[in-house]
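Participant: Got a file for you: model38.txt, compact mmCIF, C-alpha atoms.
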```
# COMPACT_ATOMS: atom_id res chain seq x y z
CA ALA H 1 0.00 0.00 0.00
CA THR H 2 1.13 3.55 -0.71
CA HIS H 3 1.79 5.67 2.37
CA ALA H 4 1.20 9.41 2.19
CA LEU H 5 3.94 11.76 3.34
CA VAL H 6 2.65 13.75 6.29
CA LEU H 7 3.75 17.39 6.02
CA ARG H 8 4.47 18.36 9.61
CA ASP H 9 4.52 21.82 11.20
CA THR H 10 1.98 23.11 8.65
CA ASN H 11 -0.22 24.39 11.45
CA GLU H 12 2.67 26.04 13.26
CA ILE H 13 4.36 27.92 10.38
CA VAL H 14 2.54 30.96 8.99
CA ASN H 15 3.52 32.86 5.84
CA LEU H 16 3.31 36.47 7.00
CA ASN H 17 3.95 38.12 3.65
CA THR H 18 4.42 36.69 0.17
CA GLU H 19 5.40 38.71 -2.90
CA ARG H 20 5.37 37.00 -6.31
CA VAL H 21 6.57 38.33 -9.69
CA ILE H 22 5.90 36.44 -12.93
CA ASN H 23 7.81 37.58 -16.01
CA LEU H 24 6.23 36.76 -19.38
CA ASN H 25 8.68 38.92 -21.36
CA THR H 26 11.12 36.20 -22.39
CA THR H 27 10.88 32.81 -24.06
CA LEU H 28 11.35 31.18 -20.65
CA ILE H 29 8.76 31.98 -17.98
CA SER H 30 10.34 33.06 -14.71
CA HIS H 31 8.81 33.27 -11.24
CA GLU H 32 10.36 35.13 -8.31
CA THR H 33 8.83 34.52 -4.89
CA ASP H 34 9.76 36.29 -1.66
CA VAL H 35 8.28 34.81 1.52
CA GLU H 36 8.61 35.91 5.13
CA PHE H 37 7.27 33.32 7.56
CA VAL H 38 7.22 32.75 11.30
CA ASN H 39 7.01 29.77 13.61
CA ASN H 40 3.69 30.49 15.27
CA GLY H 41 3.71 27.27 17.31
CA VAL H 42 5.02 26.32 20.72
CA LYS H 43 7.81 23.98 19.62
CA PRO H 44 10.74 24.29 17.16
CA ALA H 45 10.09 23.65 13.46
CA ALA H 46 12.60 21.63 11.42
CA LYS H 47 11.50 21.90 7.77
CA TYR H 48 9.73 24.05 5.19
CA TYR H 49 7.93 22.72 2.10
CA ILE H 50 7.50 24.13 -1.43
CA LEU H 51 4.81 22.48 -3.56
CA PHE H 52 3.85 22.26 -7.23
CA THR H 53 1.04 20.53 -9.04
CA ASN H 54 2.44 17.68 -11.12
CA ASP H 55 1.55 19.42 -14.39
CA VAL H 56 3.42 22.58 -13.44
CA HIS H 57 6.39 20.67 -12.06
CA GLY H 58 6.68 18.80 -15.36
CA GLN H 59 7.46 22.16 -16.99
CA LEU H 60 9.96 23.26 -14.31
CA SER H 61 13.46 23.66 -15.73
CA HIS H 62 15.28 25.26 -12.80
CA ILE H 63 14.70 26.23 -9.17
CA ASN H 64 17.11 28.13 -6.95
CA ALA H 65 16.57 29.37 -3.38
CA VAL H 66 18.31 31.51 -0.77
CA GLY H 67 17.18 32.24 2.77
CA GLY H 68 18.04 33.34 6.25
CA ARG H 69 16.73 34.69 9.51
CA ASN H 70 17.24 38.24 8.23
CA THR H 71 17.48 39.70 4.74
CA THR H 72 21.11 40.81 5.13
CA ALA H 73 22.40 37.27 5.74
CA MET H 74 20.78 34.98 3.18
CA ASP H 75 22.57 31.80 2.11
CA LYS H 76 21.94 29.31 -0.69
CA ILE H 77 19.38 26.69 0.31
CA ASP H 78 19.64 23.05 -0.66
CA LEU H 79 16.18 21.95 -1.83
CA LYS H 80 15.46 18.23 -1.64
CA LEU H 81 13.04 16.77 -4.18
CA LEU H 82 10.46 14.54 -2.51
CA ARG H 83 9.63 11.27 -4.26
CA GLU H 84 6.32 10.48 -2.56
CA LYS H 85 3.17 10.10 -4.67
CA GLU H 86 0.76 11.18 -1.93
CA TYR H 87 0.87 14.02 0.60
CA LYS H 88 -1.19 14.44 3.73
CA ILE H 89 -1.88 18.11 4.45
CA ASN H 90 -4.18 19.00 7.34
CA ASN H 91 -5.94 15.60 7.16
CA ASP H 92 -6.47 15.85 3.37
CA ILE H 93 -4.72 13.49 0.94
CA TRP H 94 -3.28 15.06 -2.23
CA THR H 95 -2.17 12.86 -5.13
CA ASN H 96 -1.35 15.46 -7.80
CA LEU H 97 1.61 17.17 -6.11
CA THR H 98 5.39 17.27 -6.32
CA GLY H 99 7.19 18.69 -3.32
CA TYR H 100 10.55 20.09 -2.23
CA GLN H 101 11.73 20.53 1.33
CA PHE H 102 14.63 22.15 3.08
CA ALA H 103 15.76 21.71 6.66
CA PHE H 104 16.76 24.70 8.77
CA GLU H 105 20.43 24.62 9.82
CA THR H 106 19.11 25.02 13.35
CA PRO H 107 15.41 24.51 14.14
CA LEU H 108 13.19 27.55 13.78
CA GLN H 109 12.21 28.51 17.31
CA PRO H 110 8.74 29.74 18.33
CA ASP H 111 8.16 33.37 17.22
CA GLU H 112 11.33 33.26 15.07
CA HIS H 113 11.10 34.66 11.54
CA PHE H 114 12.70 33.37 8.32
CA HIS H 115 13.07 35.02 4.88
CA LEU H 116 12.98 32.84 1.75
CA LYS H 117 13.57 33.89 -1.85
CA PHE H 118 13.39 31.46 -4.72
CA GLU H 119 13.38 31.63 -8.50
CA GLU H 120 11.74 29.18 -10.88
CA ILE H 121 12.27 28.88 -14.64
CA PHE H 122 9.68 27.06 -16.76
CA VAL H 123 9.64 25.76 -20.33
CA GLU H 124 6.54 25.45 -22.50
CA ARG H 125 4.17 27.05 -20.00
CA VAL H 126 2.60 29.11 -22.83
CA LYS H 127 0.55 28.02 -25.84
CA PRO H 128 -0.10 29.96 -29.07
CA LEU H 129 -3.67 31.09 -29.74
CA PRO H 130 -4.50 31.04 -32.59
CA LYS H 131 -2.34 28.00 -33.24
CA SER H 132 -1.46 29.13 -36.79
CA ILE H 133 -1.11 32.64 -38.21
CA ALA H 134 -0.20 34.36 -41.47
CA MET H 135 3.28 35.79 -42.03
CA LYS H 136 2.18 39.38 -41.37
CA SER H 137 0.13 38.53 -38.26
CA ASP H 138 1.18 38.96 -34.64
CA GLN H 139 1.68 35.97 -32.39
CA PHE H 140 -0.57 35.76 -29.32
CA LEU H 141 0.10 33.42 -26.42
CA VAL H 142 -1.97 32.03 -23.54
CA TYR H 143 -0.58 31.62 -20.05
CA GLU H 144 -2.49 30.22 -17.06
CA GLU H 145 -1.47 30.55 -13.42
CA ASN H 146 -2.74 30.18 -9.87
CA ALA H 147 -3.38 33.59 -8.31
CA PHE H 148 -2.19 32.21 -4.98
CA PHE H 149 1.17 30.86 -3.89
CA LEU H 150 0.49 27.11 -3.61
CA THR H 151 1.53 26.34 -0.05
CA PRO H 152 0.53 24.02 2.80
CA TYR H 153 0.67 26.99 5.19
CA THR H 154 -1.76 29.78 5.99
CA THR H 155 -0.73 33.03 4.31
CA GLU H 156 -1.53 36.33 6.03
CA SER H 157 -0.87 38.58 3.00
CA GLN H 158 0.13 38.09 -0.64
CA THR H 159 0.64 40.22 -3.75
CA LEU H 160 1.25 39.15 -7.35
CA ARG H 161 2.68 41.12 -10.28
CA VAL H 162 2.57 39.74 -13.83
CA LEU H 163 4.88 41.44 -16.36
CA LEU H 164 3.60 41.33 -19.95
CA PRO H 165 5.84 41.98 -22.98
CA THR H 166 3.51 44.67 -24.42
CA LYS H 167 0.34 46.59 -23.59
CA ASN H 168 -1.41 44.73 -26.41
CA TYR H 169 -3.42 41.83 -25.01
CA GLU H 170 -6.71 40.15 -25.81
CA SER H 171 -7.72 39.45 -22.22
CA VAL H 172 -6.47 39.11 -18.64
CA THR H 173 -8.42 37.69 -15.70
CA LYS H 174 -9.78 40.42 -13.45
CA PHE H 175 -9.55 39.43 -9.78
CA ASN H 176 -8.78 42.19 -7.29
CA SER H 177 -6.44 43.54 -9.96
CA THR H 178 -5.16 46.72 -11.59
CA VAL H 179 -3.41 47.13 -14.95
CA LEU H 180 -0.58 49.66 -15.22
CA GLY H 181 0.96 49.60 -18.70
CA GLU H 182 2.52 46.16 -19.19
CA THR H 183 2.08 45.18 -15.53
CA VAL H 184 -0.96 43.47 -14.00
CA LYS H 185 -1.09 43.70 -10.21
CA TYR H 186 -3.17 41.37 -8.05
CA GLY H 187 -3.94 41.77 -4.37
CA PRO H 188 -3.06 42.24 -1.68
CA PHE H 189 -4.94 39.09 -0.65
CA THR H 190 -5.28 38.41 3.05
CA LYS H 191 -5.97 35.39 5.26
CA ILE H 192 -5.40 32.84 2.50
CA SER H 193 -6.10 29.23 3.47
CA PRO H 194 -3.55 26.49 2.79
CA MET H 195 -3.61 25.00 -0.75
CA SER H 196 -5.89 27.74 -2.10
CA GLU H 197 -6.32 27.98 -5.87
CA LYS H 198 -7.77 30.58 -8.22
CA SER H 199 -7.11 30.30 -11.96
CA LEU H 200 -5.79 33.32 -13.86
CA LYS H 201 -5.53 33.46 -17.65
CA PHE H 202 -3.55 35.85 -19.85
CA HIS H 203 -3.95 36.11 -23.63
CA TYR H 204 -1.33 38.54 -24.88
CA GLU H 205 0.86 39.52 -27.82
CA ASN H 206 4.41 38.22 -27.90
CA ASN H 207 6.28 38.10 -31.20
CA SER H 208 9.37 36.49 -29.72
CA PRO H 209 10.30 33.03 -31.02
CA LEU H 210 9.71 30.11 -28.66
CA PRO H 211 12.61 27.68 -29.09
CA VAL H 212 12.64 24.50 -27.03
CA ILE H 213 15.32 21.83 -27.10
CA ARG H 214 13.53 18.50 -26.88
CA GLU H 215 16.66 16.44 -26.36
CA VAL H 216 20.41 16.95 -26.00
CA THR H 217 22.96 14.16 -26.15
CA ARG H 218 26.39 15.22 -24.91
CA THR H 219 29.57 13.22 -25.50
CA ILE H 220 32.74 14.19 -23.62
CA GLU H 221 36.00 12.54 -24.61
CA VAL H 222 39.02 13.05 -22.36
CA SER H 223 42.29 12.39 -24.13
CA HIS H 224 45.57 11.22 -22.61
CA TRP H 225 47.25 13.88 -24.75
CA GLY H 226 45.86 16.94 -23.00
CA ASN H 227 42.56 17.57 -24.78
CA ILE H 228 38.87 17.38 -23.86
CA ALA H 229 36.49 17.07 -26.83
CA PHE H 230 32.82 18.03 -26.43
CA HIS H 231 30.12 17.02 -28.90
CA ASP H 232 26.44 17.96 -28.42
CA ASP H 233 23.56 16.72 -30.59
CA TYR H 234 20.44 18.91 -30.36
CA GLN H 235 16.80 18.42 -31.32
CA LEU H 236 15.32 21.91 -31.56
CA VAL H 237 11.64 22.72 -32.06
CA HIS H 238 9.66 25.97 -32.26
CA SER H 239 6.73 25.72 -29.80
CA GLY H 240 5.00 28.92 -30.98
CA ALA H 241 2.42 29.65 -33.66
CA ALA H 242 2.57 27.68 -36.90
CA LEU H 243 2.80 29.46 -40.24
CA LYS H 244 -0.50 29.50 -42.12
CA GLY H 245 -0.03 28.68 -45.79
CA GLU H 246 3.18 27.92 -47.67
CA PHE H 247 6.57 29.35 -46.75
CA SER H 248 8.27 31.69 -49.22
CA ARG H 249 11.83 32.75 -48.42
CA ALA H 250 11.50 35.82 -50.65
CA SER H 251 8.29 36.90 -48.93
CA TYR H 252 9.84 36.22 -45.52
CA SER H 253 12.90 38.37 -46.33
CA ASP H 254 10.72 41.22 -47.60
CA ASN H 255 8.57 41.11 -44.48
CA LEU H 256 11.61 41.29 -42.22
CA GLN H 257 13.10 44.16 -44.21
CA TYR H 258 9.99 46.28 -43.80
CA TRP H 259 9.07 45.03 -40.29
CA GLN H 260 5.82 43.56 -41.55
CA GLY H 261 5.83 40.24 -39.71
CA GLY H 262 7.56 36.92 -39.35
CA ASN H 263 9.42 38.15 -36.28
CA TRP H 264 8.37 35.13 -34.25
CA ALA H 265 10.48 32.81 -36.42
CA ILE H 266 13.72 31.40 -34.98
CA ARG H 267 16.50 32.99 -37.05
CA ASN H 268 19.53 32.49 -34.82
CA LEU H 269 20.73 31.06 -31.52
CA HIS H 270 23.34 32.52 -29.17
CA ALA H 271 25.71 30.33 -27.15
CA ARG H 272 28.07 31.24 -24.32
CA LEU H 273 31.05 28.90 -23.98
CA PRO H 274 34.20 28.78 -21.83
CA GLN H 275 36.72 31.36 -22.96
CA GLN H 276 39.39 28.72 -23.67
CA VAL H 277 37.46 26.71 -26.29
CA TRP H 278 38.94 26.08 -29.75
CA GLY H 279 38.01 24.14 -32.88
CA LEU H 280 34.32 25.08 -32.94
CA HIS H 281 32.16 23.07 -35.36
CA TYR H 282 28.49 23.63 -36.22
CA ARG H 283 26.85 20.97 -38.39
CA ASP H 284 23.41 19.62 -39.22
CA VAL H 285 22.20 16.49 -41.01
CA LEU H 286 23.29 17.93 -44.38
CA GLY H 287 26.82 18.74 -43.26
CA ASN H 288 28.76 21.83 -42.21
CA VAL H 289 26.72 25.03 -41.79
CA SER H 290 28.56 28.23 -42.72
CA HIS H 291 26.04 30.62 -41.14
CA SER H 292 27.81 31.15 -37.82
CA ASN H 293 30.29 33.47 -36.17
CA ALA H 294 32.21 33.47 -32.92
CA ARG H 295 34.21 35.89 -30.81
CA ARG H 296 36.23 35.65 -27.66
CA ASP H 297 35.80 37.97 -24.67
CA TYR H 298 37.93 38.26 -21.54
CA ASP H 299 35.94 35.57 -19.70
CA LEU H 300 33.68 33.85 -22.27
CA ALA H 301 33.48 32.81 -25.89
CA TYR H 302 30.32 33.78 -27.77
CA MET H 303 28.90 31.98 -30.78
CA GLU H 304 25.94 32.89 -32.97
CA ILE H 305 24.55 30.16 -35.20
CA GLN H 306 21.86 30.39 -37.86
CA PRO H 307 19.78 27.40 -38.97
CA ARG H 308 19.68 26.73 -42.70
CA PHE H 309 16.11 28.04 -42.71
CA PRO H 310 13.97 30.13 -40.31
CA LEU H 311 11.87 28.00 -37.98
CA PHE H 312 8.14 28.65 -37.41
CA GLY H 313 5.82 26.94 -34.94
CA GLY H 314 6.10 23.14 -34.99
CA TRP H 315 9.18 23.13 -37.24
CA LYS H 316 12.12 21.05 -36.06
CA TYR H 317 15.86 21.30 -36.59
CA GLU H 318 18.57 18.82 -35.65
CA PHE H 319 22.15 20.04 -35.38
CA SER H 320 25.39 19.42 -33.54
CA LEU H 321 27.89 21.71 -31.84
CA ALA H 322 31.43 20.53 -31.08
CA TYR H 323 34.50 22.15 -29.54
CA ASN H 324 37.72 21.36 -27.67
CA MET H 325 39.42 22.47 -24.46
CA HIS H 326 42.83 21.84 -22.92
CA THR H 327 42.62 19.46 -19.96
CA LYS H 328 44.32 21.93 -17.62
CA TYR H 329 41.15 24.05 -17.52
CA GLN H 330 38.71 21.34 -16.40
CA LEU H 331 40.71 18.30 -15.30
CA SER H 332 42.53 18.02 -11.96
CA TYR H 333 43.84 15.45 -9.52
CA ASP H 334 41.48 14.08 -6.87
CA LYS H 335 42.83 15.52 -3.62
CA ARG H 336 41.82 12.36 -1.74
CA ASP H 337 43.41 9.98 -4.24
CA THR H 338 45.97 11.38 -6.70
CA SER H 339 45.70 8.25 -8.85
CA HIS H 340 42.28 9.54 -9.93
CA TYR H 341 41.24 12.64 -11.87
CA VAL H 342 38.24 14.93 -11.41
CA LEU H 343 36.47 16.45 -14.44
CA ASN H 344 34.81 19.74 -13.50
CA THR H 345 32.57 20.89 -16.35
CA THR H 346 29.19 22.56 -16.78
CA PHE H 347 26.21 20.22 -16.97
CA GLY H 348 23.83 22.31 -19.00
CA ILE H 349 23.28 23.82 -22.43
CA PRO H 350 25.17 26.95 -23.54
CA PHE H 351 22.30 28.65 -25.37
CA GLU H 352 20.70 31.79 -23.95
CA ASP H 353 17.00 31.85 -23.05
CA ILE H 354 16.32 28.28 -24.17
CA GLY H 355 15.21 25.39 -22.01
CA ALA H 356 16.02 21.72 -22.57
CA GLN H 357 13.54 18.98 -21.73
CA ASP H 358 15.95 16.05 -21.77
CA LEU H 359 19.71 16.35 -21.30
```
Reformat the file's structure so that it appears as structure tokens.

Facilitator:
Amino acid sequence: ATHALVLRDTNEIVNLNTERVINLNTTLISHETDVEFVNNGVKPAAKYYILFTNDVHGQLSHINAVGGRNTTAMDKIDLKLLREKEYKINNDIWTNLTGYQFAFETPLQPDEHFHLKFEEIFVERVKPLPKSIAMKSDQFLVYEENAFFLTPYTTESQTLRVLLPTKNYESVTKFNSTVLGETVKYGPFTKISPMSEKSLKFHYENNSPLPVIREVTRTIEVSHWGNIAFHDDYQLVHSGAALKGEFSRASYSDNLQYWQGGNWAIRNLHARLPQQVWGLHYRDVLGNVSHSNARRDYDLAYMEIQPRFPLFGGWKYEFSLAYNMHTKYQLSYDKRDTSHYVLNTTFGIPFEDIGAQDL
């Protein structure tokens, strides 16, 4: 039988003030949450929980948190992913949740306050509507969100700000809200019960391309002769609006020249690589691709690559990126056993503002 994880201290801890900011300006959706909470119980509290619905967690690409007992001394927090399928919160069983927890370095004493800030990055949280558009049309996206911070604790006060890319939108949910330019403000909400939900929907213009890397396969070859070779195979897809009708490169070029549309197509990708890389190669299934350029800065190497053709919604592109580095920059002796080496390299993709589903 499956046993539910009992979330303890949920009656003792109270979120005094929660401020949330959701940024819809970029291709990746970012959330910033600032929570001040207090141990309102009579005994020390050991842990704090952060929860997501399973659907939302499936689109989570990155989460990072800092915290402390005062805002001037906040340290990085190690969030532990919980593997349980069921959660017991205030005598209710929840089966559609994914949770994280962190333990206080020292238990949070009664009446003691704690400040928590965390950032979340999501991929494919938006959908195009309409799903296909003409070359000269604007791309509109739909984003849905809970008005409340999903939490097993009572929240005394909460505000939410949603940042839109433009003032041009079809609709936004009105719910104790005000619109100021590109910003929609909600709240303040008070005395919010644990696990409260209220759906918000935003239908807005965003002509930015929506690249998503479905899969990355990375091969790292460490040579005995002082070289580390990196080879990445990418499966890229545009998750935005599809192009209605046939594609004409001449028409596309004319539209770009006169700013008449087609701006939501993926035309190039920008990568940031270690400054010491050499021997860069950019290829696709047809062979070497000449549409690329690279430059070296004092701390990074930058590379811009262009697909053989612009990508519209639903279009896919498979390519590879390869480069080399000297072993002295990322390979060192294991201090505990000098007969072993340690490879210290970045586990992630080098492209800006793009999420990867499977690496």

Participant: Quick one: everything within 6 Å of range 73-87 of chain H, counting all atoms listed in the file, minus sequence neighbours fewer than 2 positions away in the same chain. Send it as a PyMOL selection string.

Facilitator: chain H and resi 4-6+65-68+70-71+93-95+99-102

Participant: Enter the distance from CA of Leu210 in chain H to CA of Ala322 in chain H, in Å, rounded to one decimal.

Facilitator: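 Going from CA of Leu210 in chain H over to CA of Ala322 in chain H covers 23.9 Å.
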
Participant: Near range 224-235 of chain H, within 9 Å and counting all atoms listed in the file, which residues show up once chain neighbours fewer than 3 positions away are dropped, as number ranges by chain?

Facilitator: H: 212-221, 316-328, 330-331, 349

Participant: Now that the selection is made, can you save its residues with C-alpha atoms as a CSV table (one decimal), in the coordinates of the input?

Facilitator:
```csv
chain,number,residue,atom,x,y,z
H,212,VAL,CA,12.6,24.5,-27.0
H,213,ILE,CA,15.3,21.8,-27.1
H,214,ARG,CA,13.5,18.5,-26.9
H,215,GLU,CA,16.7,16.4,-26.4
H,216,VAL,CA,20.4,17.0,-26.0
H,217,THR,CA,23.0,14.2,-26.2
H,218,ARG,CA,26.4,15.2,-24.9
H,219,THR,CA,29.6,13.2,-25.5
H,220,ILE,CA,32.7,14.2,-23.6
H,221,GLU,CA,36.0,12.5,-24.6
H,316,LYS,CA,12.1,21.0,-36.1
H,317,TYR,CA,15.9,21.3,-36.6
H,318,GLU,CA,18.6,18.8,-35.6
H,319,PHE,CA,22.2,20.0,-35.4
H,320,SER,CA,25.4,19.4,-33.5
H,321,LEU,CA,27.9,21.7,-31.8
H,322,ALA,CA,31.4,20.5,-31.1
H,323,TYR,CA,34.5,22.2,-29.5
H,324,ASN,CA,37.7,21.4,-27.7
H,325,MET,CA,39.4,22.5,-24.5
H,326,HIS,CA,42.8,21.8,-22.9
H,327,THR,CA,42.6,19.5,-20.0
H,328,LYS,CA,44.3,21.9,-17.6
H,330,GLN,CA,38.7,21.3,-16.4
H,331,LEU,CA,40.7,18.3,-15.3
H,349,ILE,CA,23.3,23.8,-22.4
```

Participant: Find the residues with any atom within 10 Å of (33.9, 35.1, -28.1); use only C-alpha atoms and the coordinates as given in the file, and write the answer as a PDB file with C-alpha atoms, in the frame of the given file.

Facilitator:
```pdb
ATOM      1  CA  ALA H 271      25.710  30.330 -27.150  1.00  0.00           C
ATOM      2  CA  ARG H 272      28.070  31.240 -24.320  1.00  0.00           C
ATOM      3  CA  LEU H 273      31.050  28.900 -23.980  1.00  0.00           C
ATOM      4  CA  PRO H 274      34.200  28.780 -21.830  1.00  0.00           C
ATOM      5  CA  GLN H 275      36.720  31.360 -22.960  1.00  0.00           C
ATOM      6  CA  GLN H 276      39.390  28.720 -23.670  1.00  0.00           C
ATOM      7  CA  VAL H 277      37.460  26.710 -26.290  1.00  0.00           C
ATOM      8  CA  ASN H 293      30.290  33.470 -36.170  1.00  0.00           C
ATOM      9  CA  ALA H 294      32.210  33.470 -32.920  1.00  0.00           C
ATOM     10  CA  ARG H 295      34.210  35.890 -30.810  1.00  0.00           C
ATOM     11  CA  ARG H 296      36.230  35.650 -27.660  1.00  0.00           C
ATOM     12  CA  ASP H 297      35.800  37.970 -24.670  1.00  0.00           C
ATOM     13  CA  TYR H 298      37.930  38.260 -21.540  1.00  0.00           C
ATOM     14  CA  ASP H 299      35.940  35.570 -19.700  1.00  0.00           C
ATOM     15  CA  LEU H 300      33.680  33.850 -22.270  1.00  0.00           C
ATOM     16  CA  ALA H 301      33.480  32.810 -25.890  1.00  0.00           C
ATOM     17  CA  TYR H 302      30.320  33.780 -27.770  1.00  0.00           C
ATOM     18  CA  MET H 303      28.900  31.980 -30.780  1.00  0.00           C
ATOM     19  CA  GLU H 304      25.940  32.890 -32.970  1.00  0.00           C
TER      20      GLU H 304
END
```

Participant: Kindly indicate which residue among H:Tyr48, H:Phe118, H:Pro165, H:Asn91 lies nearest to Ile63 in chain H, using only C-alpha atoms for the distances.

Facilitator: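 With only C-alpha atoms as the atom set, the closest residue is H:Phe118.
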
Participant: Got a sec: who's within 12 Å of Leu141 in chain H, counting all atoms listed in the file, leaving out chain neighbours fewer than 3 positions off, as a ChimeraX atom specification?

Facilitator: /H:24-25,27,124-133,138,144,164-166,168-172,201-210,239-241,264

Participant: Expressed in Å to a single decimal, how great is the separation between CA of Leu163 in chain H and CA of Ile121 in chain H?

Facilitator: 14.7 Å
